[in-house]
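K.L.:
Following this line is model_27.cif, made up of mmCIF, C-alpha atoms and all ligand atoms:
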```
data_structure
#
loop_
_atom_site.label_atom_id
_atom_site.label_comp_id
_atom_site.auth_asym_id
_atom_site.auth_seq_id
_atom_site.Cartn_x
_atom_site.Cartn_y
_atom_site.Cartn_z
CA VAL A 1300 9.38 3.67 39.12
CA ARG A 1301 7.17 5.97 37.11
CA GLU A 1302 9.93 8.57 36.78
CA GLU A 1303 12.37 5.92 35.59
CA PHE A 1304 9.90 4.81 32.95
CA PHE A 1305 9.69 8.31 31.47
CA GLU A 1306 13.49 8.73 31.67
CA GLU A 1307 13.89 5.50 29.72
CA LEU A 1308 11.51 6.74 27.04
CA GLU A 1309 13.55 9.96 26.72
CA ALA A 1310 16.77 7.95 26.50
CA LYS A 1311 15.33 5.72 23.75
CA LEU A 1312 14.19 8.77 21.79
CA ASN A 1313 17.68 10.29 22.13
CA VAL A 1314 19.21 7.12 20.69
CA LEU A 1315 16.86 7.34 17.69
CA ALA A 1316 17.87 10.98 17.16
CA GLU A 1317 21.60 10.11 17.32
CA GLN A 1318 21.04 7.44 14.65
CA ASP A 1319 19.13 9.84 12.36
CA LEU A 1320 16.07 7.62 12.87
CA TYR A 1321 13.94 10.00 14.93
CA ARG A 1322 10.50 10.66 13.43
CA SER A 1323 8.38 13.69 14.14
CA LEU A 1324 5.06 14.99 12.93
CA LYS A 1325 5.13 18.18 10.95
CA THR A 1326 3.17 19.92 8.27
CA TYR A 1327 4.83 20.30 4.91
CA SER A 1328 4.88 23.12 2.46
CA GLY A 1329 5.90 22.85 -1.17
CA VAL A 1330 5.02 20.75 -4.18
CA ASP A 1331 4.02 17.40 -2.68
CA PHE A 1332 5.89 14.34 -3.99
CA GLY A 1333 5.26 12.36 -0.82
CA SER A 1334 1.57 11.62 -1.14
CA ASN A 1335 -0.03 8.57 -2.75
CA ASP A 1336 -2.67 10.71 -4.43
CA TYR A 1337 -1.53 9.34 -7.81
CA LEU A 1338 -4.51 10.52 -9.85
CA GLY A 1339 -5.08 13.81 -8.05
CA PHE A 1340 -8.50 12.58 -6.84
CA ALA A 1341 -7.89 13.91 -3.29
CA HIS A 1342 -8.23 17.44 -4.68
CA ASP A 1343 -10.42 16.79 -7.73
CA GLU A 1344 -13.04 19.54 -8.16
CA GLU A 1345 -15.62 17.31 -9.86
CA LEU A 1346 -15.38 14.77 -7.01
CA ARG A 1347 -15.52 17.55 -4.41
CA GLN A 1348 -18.69 18.90 -5.99
CA LYS A 1349 -20.35 15.48 -6.09
CA LEU A 1350 -19.54 14.87 -2.45
CA SER A 1351 -20.71 18.26 -1.28
CA ASN A 1352 -24.09 17.62 -2.94
CA SER A 1353 -24.52 14.64 -0.58
CA LEU A 1354 -23.38 16.38 2.57
CA SER A 1355 -26.76 17.80 3.49
CA THR A 1356 -28.43 14.38 3.66
CA VAL A 1357 -25.81 11.92 4.84
CA ALA A 1358 -25.13 11.03 8.52
CA LEU A 1359 -21.89 12.62 9.73
CA SER A 1360 -20.83 9.52 11.63
CA SER A 1361 -21.76 5.85 11.53
CA ALA A 1362 -21.67 5.98 15.32
CA SER A 1363 -21.59 2.19 15.61
CA SER A 1364 -20.13 -1.05 14.27
CA ARG A 1365 -21.48 -2.35 10.94
CA LEU A 1366 -22.92 -5.32 12.84
CA LEU A 1367 -24.91 -3.12 15.24
CA SER A 1368 -26.60 -0.09 13.69
CA GLY A 1369 -23.61 1.41 11.83
CA ASN A 1370 -24.27 -0.34 8.51
CA HIS A 1371 -25.51 2.44 6.21
CA ARG A 1372 -26.63 2.06 2.59
CA GLU A 1373 -23.47 3.96 1.53
CA HIS A 1374 -21.21 1.17 2.87
CA LEU A 1375 -23.20 -1.45 0.95
CA LEU A 1376 -23.21 0.74 -2.15
CA ALA A 1377 -19.40 1.06 -2.12
CA GLU A 1378 -18.99 -2.70 -1.72
CA GLN A 1379 -21.41 -3.46 -4.54
CA CYS A 1380 -19.83 -0.84 -6.78
CA PHE A 1381 -16.30 -2.17 -6.13
CA ALA A 1382 -17.30 -5.80 -6.67
CA GLU A 1383 -18.85 -4.87 -10.03
CA PHE A 1384 -15.82 -2.76 -10.98
CA LEU A 1385 -13.45 -5.67 -10.35
CA GLY A 1386 -15.79 -8.39 -11.62
CA VAL A 1387 -15.61 -10.32 -8.34
CA GLU A 1388 -18.29 -12.06 -6.36
CA SER A 1389 -17.96 -9.96 -3.23
CA ALA A 1390 -16.22 -6.96 -1.64
CA LEU A 1391 -15.97 -5.88 1.99
CA LEU A 1392 -15.04 -2.43 3.27
CA PHE A 1393 -12.54 -2.00 6.13
CA ASN A 1394 -11.60 1.23 7.91
CA SER A 1395 -8.05 1.16 6.53
CA GLY A 1396 -5.65 -0.96 4.53
CA TYR A 1397 -3.80 -1.68 7.76
CA ASP A 1398 -7.01 -3.07 9.30
CA ALA A 1399 -7.86 -5.08 6.19
CA ASN A 1400 -4.45 -6.77 6.03
CA PHE A 1401 -4.33 -7.41 9.74
CA ALA A 1402 -7.88 -8.79 9.71
CA LEU A 1403 -7.29 -11.11 6.76
CA LEU A 1404 -4.13 -12.64 8.15
CA THR A 1405 -5.33 -13.05 11.69
CA THR A 1406 -8.68 -14.49 10.62
CA LEU A 1407 -8.20 -16.77 7.61
CA PRO A 1408 -5.04 -18.84 8.27
CA SER A 1409 -5.29 -21.15 11.27
CA ARG A 1410 -2.47 -22.73 13.25
CA HIS A 1411 -2.46 -25.72 10.89
CA ASP A 1412 -1.71 -23.53 7.88
CA LEU A 1413 1.42 -22.14 6.23
CA ILE A 1414 1.95 -18.52 5.16
CA LEU A 1415 4.65 -17.48 2.69
CA TYR A 1416 5.18 -13.75 2.38
CA ASP A 1417 7.50 -11.52 0.37
CA GLU A 1418 10.26 -10.02 2.52
CA ARG A 1419 9.41 -6.46 1.35
CA SER A 1420 5.80 -6.73 2.46
CA HIS A 1421 4.19 -3.70 4.07
CA ALA A 1422 4.24 -3.40 7.88
CA SER A 1423 0.51 -4.20 8.08
CA LEU A 1424 1.11 -7.55 6.36
CA TYR A 1425 4.07 -8.27 8.67
CA GLU A 1426 1.92 -7.41 11.65
CA GLY A 1427 -0.84 -9.74 10.45
CA VAL A 1428 1.57 -12.59 9.70
CA HIS A 1429 3.23 -12.30 13.10
CA SER A 1430 -0.07 -12.18 14.94
CA SER A 1431 -1.55 -15.14 13.06
CA HIS A 1432 -1.23 -18.65 14.52
CA ALA A 1433 -0.01 -20.15 11.25
CA THR A 1434 3.59 -21.13 10.52
CA SER A 1435 5.13 -18.34 8.46
CA ILE A 1436 8.09 -18.17 6.08
CA ARG A 1437 9.51 -15.07 4.41
CA PHE A 1438 10.70 -15.46 0.83
CA GLU A 1439 13.17 -13.31 -1.12
CA HIS A 1440 11.66 -10.25 -2.70
CA ASN A 1441 9.99 -10.94 -6.06
CA SER A 1442 11.65 -14.36 -6.31
CA PRO A 1443 9.28 -17.12 -7.48
CA GLU A 1444 12.25 -19.52 -7.33
CA HIS A 1445 12.82 -18.84 -3.65
CA LEU A 1446 9.08 -18.99 -3.00
CA GLU A 1447 8.83 -22.45 -4.55
CA ALA A 1448 12.00 -23.71 -2.85
CA SER A 1449 10.62 -22.46 0.50
CA ILE A 1450 7.33 -24.29 -0.07
CA GLU A 1451 9.15 -27.51 -0.97
CA ARG A 1452 11.37 -27.26 2.11
CA ALA A 1453 8.39 -26.58 4.38
CA LEU A 1454 6.39 -29.48 2.93
CA LYS A 1455 9.22 -31.87 3.83
CA LYS A 1456 9.29 -30.60 7.42
CA PHE A 1457 5.66 -30.08 8.40
CA LYS A 1458 2.22 -31.21 7.37
CA HIS A 1459 0.02 -28.22 6.52
CA ARG A 1460 -3.62 -27.92 5.71
CA GLN A 1461 -3.65 -24.79 3.55
CA ILE A 1462 -0.89 -22.64 2.07
CA PHE A 1463 -1.30 -18.84 1.76
CA ILE A 1464 0.99 -16.75 -0.45
CA ILE A 1465 1.17 -13.02 0.23
CA ILE A 1466 2.49 -10.43 -2.17
CA GLU A 1467 1.95 -6.81 -3.17
CA SER A 1468 1.21 -5.95 -6.79
CA VAL A 1469 3.32 -2.76 -6.68
CA TYR A 1470 5.76 -2.51 -3.78
CA SER A 1471 5.34 0.66 -1.79
CA MET A 1472 8.96 1.60 -1.16
CA ASP A 1473 10.54 0.31 -4.39
CA GLY A 1474 7.78 0.86 -6.90
CA ASP A 1475 8.57 -2.46 -8.58
CA ILE A 1476 5.95 -4.94 -9.78
CA THR A 1477 5.47 -8.53 -8.65
CA PRO A 1478 5.92 -11.36 -11.20
CA LEU A 1479 2.25 -12.16 -10.69
CA GLN A 1480 1.71 -14.70 -13.44
CA VAL A 1481 4.55 -16.99 -12.30
CA ILE A 1482 3.54 -16.66 -8.65
CA LYS A 1483 -0.05 -17.55 -9.56
CA GLU A 1484 1.22 -20.67 -11.34
CA ILE A 1485 3.09 -21.67 -8.18
CA SER A 1486 0.02 -20.88 -6.12
CA ASP A 1487 -2.06 -23.18 -8.35
CA LYS A 1488 0.58 -25.93 -8.29
CA TYR A 1489 0.38 -26.10 -4.48
CA SER A 1490 -3.37 -25.32 -4.27
CA ALA A 1491 -2.57 -22.17 -2.31
CA ILE A 1492 -4.68 -19.10 -1.63
CA LEU A 1493 -3.04 -16.03 -3.17
CA ILE A 1494 -3.42 -12.70 -1.33
CA VAL A 1495 -2.42 -9.67 -3.38
CA ASP A 1496 -2.19 -6.25 -1.73
CA GLU A 1497 -3.12 -3.83 -4.52
CA ALA A 1498 -2.61 -0.71 -2.34
CA HIS A 1499 -0.34 0.90 -4.93
CA GLY A 1500 -1.77 -0.97 -7.93
CA THR A 1501 -5.34 0.34 -7.62
CA GLY A 1502 -5.82 3.35 -9.88
CA VAL A 1503 -2.23 2.96 -11.07
CA VAL A 1504 -1.99 -0.18 -13.20
CA GLY A 1505 -4.33 -2.64 -14.93
CA ASN A 1506 -7.45 -2.13 -17.03
CA GLY A 1507 -8.92 1.24 -16.10
CA GLY A 1508 -6.88 1.23 -12.86
CA ARG A 1509 -8.36 -2.05 -11.59
CA GLY A 1510 -4.92 -3.19 -10.41
CA LEU A 1511 -2.39 -5.73 -11.64
CA THR A 1512 -4.61 -8.75 -10.95
CA SER A 1513 -7.16 -7.42 -13.45
CA CYS A 1514 -4.79 -7.60 -16.39
CA THR A 1515 -2.51 -10.51 -15.50
CA ILE A 1516 -4.54 -13.40 -14.15
CA ASN A 1517 -8.09 -14.70 -14.18
CA ARG A 1518 -9.95 -13.98 -10.98
CA SER A 1519 -10.95 -17.17 -9.20
CA PRO A 1520 -12.04 -17.86 -5.59
CA ASP A 1521 -8.46 -18.66 -4.59
CA VAL A 1522 -7.36 -15.04 -5.21
CA ILE A 1523 -8.03 -12.32 -2.63
CA THR A 1524 -7.09 -8.71 -3.30
CA ILE A 1525 -6.86 -5.67 -1.04
CA HIS A 1526 -7.55 -2.25 -2.57
CA THR A 1527 -6.78 0.65 -0.26
CA CYS A 1528 -8.99 3.65 -0.95
CA GLY A 1529 -6.86 6.39 0.65
CA LYS A 1530 -4.27 6.44 -2.11
CA ALA A 1531 -5.19 6.73 -5.81
CA LEU A 1532 -8.91 6.75 -4.98
CA GLY A 1533 -8.56 9.89 -2.88
CA ALA A 1534 -10.84 8.61 -0.10
CA ALA A 1535 -10.05 6.32 2.87
CA GLY A 1536 -10.59 2.72 3.94
CA ALA A 1537 -9.87 -0.45 2.01
CA ILE A 1538 -11.76 -3.09 0.10
CA VAL A 1539 -11.09 -6.81 0.43
CA ALA A 1540 -12.28 -8.47 -2.79
CA GLY A 1541 -12.86 -12.14 -3.44
CA SER A 1542 -15.44 -14.84 -2.98
CA ARG A 1543 -18.56 -14.44 -0.88
CA ALA A 1544 -17.35 -17.20 1.47
CA ILE A 1545 -14.26 -15.12 2.30
CA THR A 1546 -16.07 -11.84 2.93
CA GLN A 1547 -18.85 -13.51 4.93
CA TYR A 1548 -16.30 -15.30 7.09
CA LEU A 1549 -14.55 -11.96 7.70
CA VAL A 1550 -17.86 -10.34 8.69
CA ASN A 1551 -18.37 -13.10 11.23
CA LYS A 1552 -14.87 -13.52 12.57
CA ALA A 1553 -12.53 -10.60 11.79
CA ARG A 1554 -12.12 -8.58 14.98
CA PRO A 1555 -10.87 -5.40 13.20
CA PHE A 1556 -14.13 -5.49 11.22
CA ILE A 1557 -16.48 -6.36 14.06
CA TYR A 1558 -15.17 -4.30 16.95
CA THR A 1559 -14.83 -0.87 15.40
CA THR A 1560 -17.06 2.01 14.40
CA ALA A 1561 -17.75 1.92 10.66
CA LEU A 1562 -16.32 4.67 8.46
CA PRO A 1563 -18.49 7.81 8.23
CA PRO A 1564 -20.94 7.20 5.32
CA ILE A 1565 -19.47 10.09 3.36
CA VAL A 1566 -16.29 8.03 2.87
CA PRO A 1567 -17.91 5.11 1.00
CA LEU A 1568 -19.77 7.71 -1.09
CA GLN A 1569 -16.43 9.20 -2.06
CA ILE A 1570 -15.20 5.69 -2.95
CA VAL A 1571 -18.23 5.18 -5.22
CA ASN A 1572 -17.61 8.52 -6.95
CA SER A 1573 -13.92 7.71 -7.48
CA VAL A 1574 -14.67 4.24 -8.83
CA ASN A 1575 -17.25 5.72 -11.22
CA LYS A 1576 -14.66 8.19 -12.44
CA LEU A 1577 -12.22 5.33 -13.04
CA LYS A 1578 -14.92 3.44 -14.94
CA ALA A 1579 -15.38 6.48 -17.18
CA VAL A 1580 -11.81 7.66 -17.76
CA GLY A 1581 -9.52 5.24 -15.89
CA ASP A 1582 -7.63 4.04 -18.96
CA GLU A 1583 -6.70 7.59 -20.03
CA LEU A 1584 -5.68 8.62 -16.50
CA VAL A 1585 -3.50 5.54 -15.97
CA ALA A 1586 -1.81 6.02 -19.37
CA GLU A 1587 -1.04 9.66 -18.59
CA LEU A 1588 0.25 8.84 -15.09
CA LEU A 1589 2.60 6.13 -16.38
CA ASP A 1590 3.77 8.42 -19.16
CA ARG A 1591 4.71 11.21 -16.76
CA SER A 1592 6.35 8.73 -14.39
CA GLN A 1593 8.44 7.40 -17.24
CA PHE A 1594 9.59 10.91 -18.11
CA VAL A 1595 10.79 11.63 -14.56
CA ARG A 1596 12.35 8.21 -14.00
CA SER A 1597 14.38 8.22 -17.19
CA ALA A 1598 15.54 11.82 -16.67
CA LEU A 1599 16.82 10.92 -13.19
CA ARG A 1600 18.34 7.62 -14.30
CA SER A 1601 20.39 9.27 -17.00
CA ALA A 1602 21.52 12.26 -14.92
CA LEU A 1603 22.28 10.95 -11.42
CA LYS A 1604 25.86 9.84 -10.77
CA LYS A 1605 26.01 8.41 -7.22
CA TRP A 1606 22.38 7.81 -6.33
CA ILE A 1607 20.55 4.88 -7.86
CA VAL A 1608 17.15 4.97 -9.50
CA PRO A 1609 16.05 1.43 -10.41
CA GLU A 1610 14.33 0.64 -13.70
CA GLY A 1611 10.56 0.48 -13.53
CA ILE A 1612 7.29 1.85 -14.83
CA THR A 1613 5.26 2.92 -11.81
CA PRO A 1614 4.85 6.42 -10.27
CA ILE A 1615 6.81 5.34 -7.16
CA ILE A 1616 10.39 6.34 -7.95
CA PRO A 1617 12.95 5.46 -5.26
CA ILE A 1618 16.23 7.39 -5.30
CA ILE A 1619 18.54 5.18 -3.29
CA ILE A 1620 21.15 7.11 -1.34
CA GLY A 1621 22.22 4.55 1.29
CA ASP A 1622 23.13 6.57 4.37
CA GLU A 1623 20.27 7.65 6.69
CA GLY A 1624 21.76 11.08 7.44
CA ALA A 1625 22.41 11.85 3.78
CA ALA A 1626 18.86 10.86 2.80
CA LEU A 1627 17.45 13.06 5.54
CA LYS A 1628 19.64 16.00 4.55
CA ALA A 1629 18.69 15.63 0.87
CA SER A 1630 15.03 15.73 1.86
CA PHE A 1631 15.56 18.90 3.96
CA VAL A 1632 17.42 20.68 1.15
CA LEU A 1633 14.67 19.79 -1.33
CA GLU A 1634 12.06 21.14 1.05
CA ASP A 1635 13.96 24.44 1.18
CA GLU A 1636 13.77 24.43 -2.62
CA GLY A 1637 9.99 24.01 -2.43
CA PHE A 1638 9.60 20.23 -2.93
CA VAL A 1639 8.28 17.69 -0.43
CA VAL A 1640 10.24 14.49 -1.12
CA PRO A 1641 10.32 12.35 2.05
CA ALA A 1642 13.39 10.42 3.18
CA ILE A 1643 12.55 6.76 3.84
CA ARG A 1644 14.77 5.11 6.44
CA PRO A 1645 14.98 1.84 8.39
CA PRO A 1646 12.97 0.05 9.65
CA THR A 1647 10.70 0.94 6.72
CA VAL A 1648 13.49 -0.07 4.28
CA PRO A 1649 16.55 -2.30 4.89
CA ALA A 1650 19.58 -0.68 6.56
CA GLY A 1651 21.97 0.91 4.08
CA THR A 1652 19.20 1.57 1.52
CA SER A 1653 17.82 4.85 2.85
CA ARG A 1654 16.30 6.79 0.04
CA LEU A 1655 14.19 9.60 -1.23
CA ARG A 1656 10.84 8.41 -2.50
CA LEU A 1657 9.36 10.50 -5.26
CA ASN A 1658 5.69 9.79 -5.98
CA ILE A 1659 4.35 11.18 -9.24
CA SER A 1660 0.76 12.41 -9.39
CA LEU A 1661 -1.48 13.79 -12.12
CA ARG A 1662 -1.80 16.78 -9.81
CA HIS A 1663 1.74 17.83 -10.67
CA LYS A 1664 2.19 20.31 -13.49
CA LYS A 1665 4.68 19.35 -16.23
CA GLU A 1666 7.03 22.18 -15.22
CA GLU A 1667 6.98 21.00 -11.60
CA LEU A 1668 8.19 17.61 -12.79
CA GLU A 1669 11.03 19.23 -14.74
CA LYS A 1670 11.95 21.42 -11.77
CA VAL A 1671 12.02 18.60 -9.23
CA VAL A 1672 14.34 16.60 -11.51
CA GLU A 1673 16.68 19.60 -11.78
CA ALA A 1674 16.60 20.12 -8.00
CA ILE A 1675 17.41 16.46 -7.24
CA ILE A 1676 20.33 16.49 -9.67
CA LYS A 1677 21.66 19.63 -7.94
CA VAL A 1678 21.20 18.21 -4.45
CA GLU A 1679 23.12 15.05 -5.37
CA GLN A 1680 26.19 17.20 -5.98
CA THR A 1681 25.98 18.98 -2.64
CA VAL A 1682 24.89 16.34 -0.08
C1 LIG B 1701 1.26 -1.94 0.54
C2 LIG B 1701 0.41 -1.27 1.55
N1 LIG B 1701 -0.54 -1.97 2.17
C3 LIG B 1701 -1.33 -1.42 3.11
C4 LIG B 1701 -1.19 -0.10 3.45
C5 LIG B 1701 -2.07 0.46 4.53
O1 LIG B 1701 -3.13 1.14 3.98
P1 LIG B 1701 -3.86 2.31 4.80
O2 LIG B 1701 -2.98 3.50 4.71
O3 LIG B 1701 -5.18 2.46 4.16
O4 LIG B 1701 -3.96 1.82 6.22
C6 LIG B 1701 -0.21 0.68 2.82
C7 LIG B 1701 0.02 2.12 3.10
O5 LIG B 1701 -0.28 2.75 3.98
C8 LIG B 1701 0.61 0.08 1.86
O6 LIG B 1701 1.57 0.79 1.25
#
```
Could you rewrite the structure in this file as structure tokens?
P.N.:
Amino acid sequence: VREEFFEELEAKLNVLAEQDLYRSLKTYSGVDFGSNDYLGFAHDEELRQKLSNSLSTVALSSASSRLLSGNHREHLLAEQCFAEFLGVESALLFNSGYDANFALLTTLPSRHDLILYDERSHASLYEGVHSSHATSIRFEHNSPEHLEASIERALKKFKHRQIFIIIESVYSMDGDITPLQVIKEISDKYSAILIVDEAHGTGVVGNGGRGLTSCTINRSPDVITIHTCGKALGAAGAIVAGSRAITQYLVNKARPFIYTTALPPIVPLQIVNSVNKLKAVGDELVAELLDRSQFVRSALRSALKKWIVPEGITPIIPIIIGDEGAALKASFVLEDEGFVVPAIRPPTVPAGTSRLRLNISLRHKKEELEKVVEAIIKVEQTV
């Protein structure tokens, strides 16, 4: 039986390879357009210096859960600093954005509740929704009309205690922005709790990089946001921000918070340093990032013939090719030219919409941006 099991695994991997859906781990060389290091903080010399000054005193590992002896002053400092930065009552640090999303959705909604989530939600949100005991309904991407119609339909069928609406501020594979104001109005109309994943909004949009929620709606206890810290903040982990009741409930009940070793204290220190940098120069950095993104997006939109680059403003620029094999080949050719531009394929994106995803960062030099545009235009003609 054991042999058969391993043979089956091999056979399944072969099927993935035949479908151009096989994934493998490799290291990349070239100018990196695949990372989410939008502000260049992951390699920032000033931040590196600050962190290295703390290295001689800080514990190298938390070595325990926050609820046992792993709660260091650095974790509390990062939470306090983030709460102040966002102007919210409370913030709680998780080991990753995946953990934070999974924890929220498996802890807050109960089986009497109703969850509505955007169909393009990140895998961690899907995982949380599917593992929660609540009734869940997927609504059409960025469609407040379909969201409201889905709520109305559900209300006629079942009796629910609490409605939760789940969206991302900036969608990770399309780089488009949620119609937050209209969705908040719907959320208020049905007394829902609105959960906004700001993974790609933090450090990228909003006042000083505080995310879309900071500039579009008033924060109130019915809004919960998730700010991953391994992307624009150049650190790791994720903050859940909202009311004290929410964070305290998570501390008491969220298994991905309770039953795991806390992040090494150096990580929350890095978060504090990054947030302080955003406080000081966030507006300028965000303006520059959006400016450069606009330059690349419009150059590609006007030059590409077959491949589609949607309108938008964010540094996530999808170049939609369609076929899995063609997307993969385009990515390989670009790597040979010295650019890392990953191909994104199903199940991460819907079938038939395989794409290159180009992420712009302040780390890129202006001439690298010009060169990658030229290279993509050339590859379109050959793939
Ligand atoms: C929208 C979104 N939410 C959550 C996550 C997970 O965050 P993390 O990488 O910190 O686990 C990601 C990316 O990884 C993401 O793109």
K.L.:
Can you tell me which residues sit at most 7 Å away from ligand LIG 1701 (chain B), counting only C-alpha atoms and all ligand atoms, written as a PyMOL selection string?
P.N.:
chain A and resi 1395-1398+1400+1420-1421+1423+1467+1470-1471+1496-1499+1527-1529+1535-1537
K.L.:
Report, in Å to a single decimal, how far apart atom CA of Thr1524 of chain A and atom CA of Glu1388 of chain A are.
P.N.:
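So the two atoms, atom CA of Glu1388 of chain A and atom CA of Thr1524 of chain A, lie 12.1 Å apart.
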K.L.:
Pull the neighbourhood of (-5.9, -18.7, -8.5) for me: all residues within 12 Å in file coordinates, counting only C-alpha atoms, as a PyMOL selection string.
P.N.:
chain A and resi 1463-1464+1479-1495+1512+1515-1524+1541-1542
K.L.:
Suppose we keep C-alpha atoms; can you now write the selection as a short mmCIF file (atom, residue, chain, number, x, y, z; two decimals), keeping the file's coordinate frame?
P.N.:
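Here's the written file selection07.cif:
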```cif
data_model
loop_
_atom_site.label_atom_id
_atom_site.label_comp_id
_atom_site.auth_asym_id
_atom_site.auth_seq_id
_atom_site.Cartn_x
_atom_site.Cartn_y
_atom_site.Cartn_z
CA PHE A 1463 -1.30 -18.84 1.76
CA ILE A 1464 0.99 -16.75 -0.45
CA LEU A 1479 2.25 -12.16 -10.69
CA GLN A 1480 1.71 -14.70 -13.44
CA VAL A 1481 4.55 -16.99 -12.30
CA ILE A 1482 3.54 -16.66 -8.65
CA LYS A 1483 -0.05 -17.55 -9.56
CA GLU A 1484 1.22 -20.67 -11.34
CA ILE A 1485 3.09 -21.67 -8.18
CA SER A 1486 0.02 -20.88 -6.12
CA ASP A 1487 -2.06 -23.18 -8.35
CA LYS A 1488 0.58 -25.93 -8.29
CA TYR A 1489 0.38 -26.10 -4.48
CA SER A 1490 -3.37 -25.32 -4.27
CA ALA A 1491 -2.57 -22.17 -2.31
CA ILE A 1492 -4.68 -19.10 -1.63
CA LEU A 1493 -3.04 -16.03 -3.17
CA ILE A 1494 -3.42 -12.70 -1.33
CA VAL A 1495 -2.42 -9.67 -3.38
CA THR A 1512 -4.61 -8.75 -10.95
CA THR A 1515 -2.51 -10.51 -15.50
CA ILE A 1516 -4.54 -13.40 -14.15
CA ASN A 1517 -8.09 -14.70 -14.18
CA ARG A 1518 -9.95 -13.98 -10.98
CA SER A 1519 -10.95 -17.17 -9.20
CA PRO A 1520 -12.04 -17.86 -5.59
CA ASP A 1521 -8.46 -18.66 -4.59
CA VAL A 1522 -7.36 -15.04 -5.21
CA ILE A 1523 -8.03 -12.32 -2.63
CA THR A 1524 -7.09 -8.71 -3.30
CA GLY A 1541 -12.86 -12.14 -3.44
CA SER A 1542 -15.44 -14.84 -2.98
#
```
K.L.:
Could you name the residues that touch Asp1319 of chain A at 8 Å or less, counting all atoms listed in the file, but leaving out those on the same chain fewer than 5 positions away, as a list in words?
P.N.:
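The filter keeps Glu1623, Gly1624 and Leu1627 of chain A.
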K.L.:
Write a file of the selected residues as a short mmCIF file (atom, residue, chain, number, x, y, z; two decimals), in the frame of the given file, keeping C-alpha atoms.
P.N.:
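Resulting contents of again_32.cif:
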```cif
data_model
loop_
_atom_site.label_atom_id
_atom_site.label_comp_id
_atom_site.auth_asym_id
_atom_site.auth_seq_id
_atom_site.Cartn_x
_atom_site.Cartn_y
_atom_site.Cartn_z
CA GLU A 1623 20.27 7.65 6.69
CA GLY A 1624 21.76 11.08 7.44
CA LEU A 1627 17.45 13.06 5.54
#
```
K.L.:
What does the distance from atom CA of Gln1461 of chain A to atom CA of Tyr1425 of chain A come to in Å, to one decimal?
P.N.:
18.9 Å
K.L.:
Near segment 1436-1441 of chain A, counting all atoms listed in the file, which residues have an atom at most 10 Å away, once you skip same-chain residues fewer than 5 positions from it, shown as a PDB file with C-alpha atoms, keeping the file's coordinate frame?
P.N.:
```
ATOM      1  CA  LEU A1413       1.420 -22.140   6.230  1.00  0.00           C
ATOM      2  CA  ILE A1414       1.950 -18.520   5.160  1.00  0.00           C
ATOM      3  CA  LEU A1415       4.650 -17.480   2.690  1.00  0.00           C
ATOM      4  CA  TYR A1416       5.180 -13.750   2.380  1.00  0.00           C
ATOM      5  CA  ASP A1417       7.500 -11.520   0.370  1.00  0.00           C
ATOM      6  CA  GLU A1418      10.260 -10.020   2.520  1.00  0.00           C
ATOM      7  CA  ARG A1419       9.410  -6.460   1.350  1.00  0.00           C
ATOM      8  CA  SER A1420       5.800  -6.730   2.460  1.00  0.00           C
ATOM      9  CA  TYR A1425       4.070  -8.270   8.670  1.00  0.00           C
ATOM     10  CA  VAL A1428       1.570 -12.590   9.700  1.00  0.00           C
ATOM     11  CA  LEU A1446       9.080 -18.990  -3.000  1.00  0.00           C
ATOM     12  CA  GLU A1447       8.830 -22.450  -4.550  1.00  0.00           C
ATOM     13  CA  ALA A1448      12.000 -23.710  -2.850  1.00  0.00           C
ATOM     14  CA  SER A1449      10.620 -22.460   0.500  1.00  0.00           C
ATOM     15  CA  ILE A1450       7.330 -24.290  -0.070  1.00  0.00           C
ATOM     16  CA  ALA A1453       8.390 -26.580   4.380  1.00  0.00           C
ATOM     17  CA  ILE A1464       0.990 -16.750  -0.450  1.00  0.00           C
ATOM     18  CA  ILE A1465       1.170 -13.020   0.230  1.00  0.00           C
ATOM     19  CA  ILE A1466       2.490 -10.430  -2.170  1.00  0.00           C
ATOM     20  CA  GLU A1467       1.950  -6.810  -3.170  1.00  0.00           C
ATOM     21  CA  TYR A1470       5.760  -2.510  -3.780  1.00  0.00           C
ATOM     22  CA  ASP A1475       8.570  -2.460  -8.580  1.00  0.00           C
ATOM     23  CA  ILE A1476       5.950  -4.940  -9.780  1.00  0.00           C
ATOM     24  CA  THR A1477       5.470  -8.530  -8.650  1.00  0.00           C
ATOM     25  CA  PRO A1478       5.920 -11.360 -11.200  1.00  0.00           C
ATOM     26  CA  LEU A1479       2.250 -12.160 -10.690  1.00  0.00           C
ATOM     27  CA  ILE A1482       3.540 -16.660  -8.650  1.00  0.00           C
TER      28      ILE A1482
END
```
K.L.:
Mind giving me the straight-line distance from atom CA of Thr1406 of chain A to atom CA of Arg1509 of chain A in Å, one decimal?
P.N.:
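Atom CA of Arg1509 of chain A lies at a distance of 25.5 Å from atom CA of Thr1406 of chain A.
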K.L.:
If we count all atoms listed in the file and set the cut-off at 12 Å, which residues sit around Leu1562 of chain A, ignoring sequence neighbours fewer than 6 positions away in its own chain? Please answer as a PyMOL selection string.
P.N.:
chain A and resi 1358-1365+1369-1371+1373-1375+1377+1392-1395+1528+1534-1537+1556+1568-1570
K.L.:
Which of these, A:Lys1552, A:Arg1654, A:His1411, A:Lys1670, has the shortest distance to His1432 of chain A once you count all atoms listed in the file?
P.N.:
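Selected residue with least distance to His1432 of chain A: A:His1411.
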K.L.:
If we count all atoms listed in the file, what is near Glu1679 of chain A at a cut-off of 10 Å, once residues fewer than 5 positions away on the same chain are taken out, given as a PyMOL selection string?
P.N.:
chain A and resi 1603-1606+1620+1625+1629+1674
K.L.:
Edge lengths and centre in Å to one decimal, as lines of an AutoDock Vina configuration file, is what I'm after for the box along x, y and z that holds all listed atoms of segment 1307-1324 of chain A once 8 Å is added on each side.
P.N.:
```
center_x = 13.3
center_y = 10.2
center_z = 21.0
size_x = 32.5
size_y = 25.5
size_z = 33.4
```
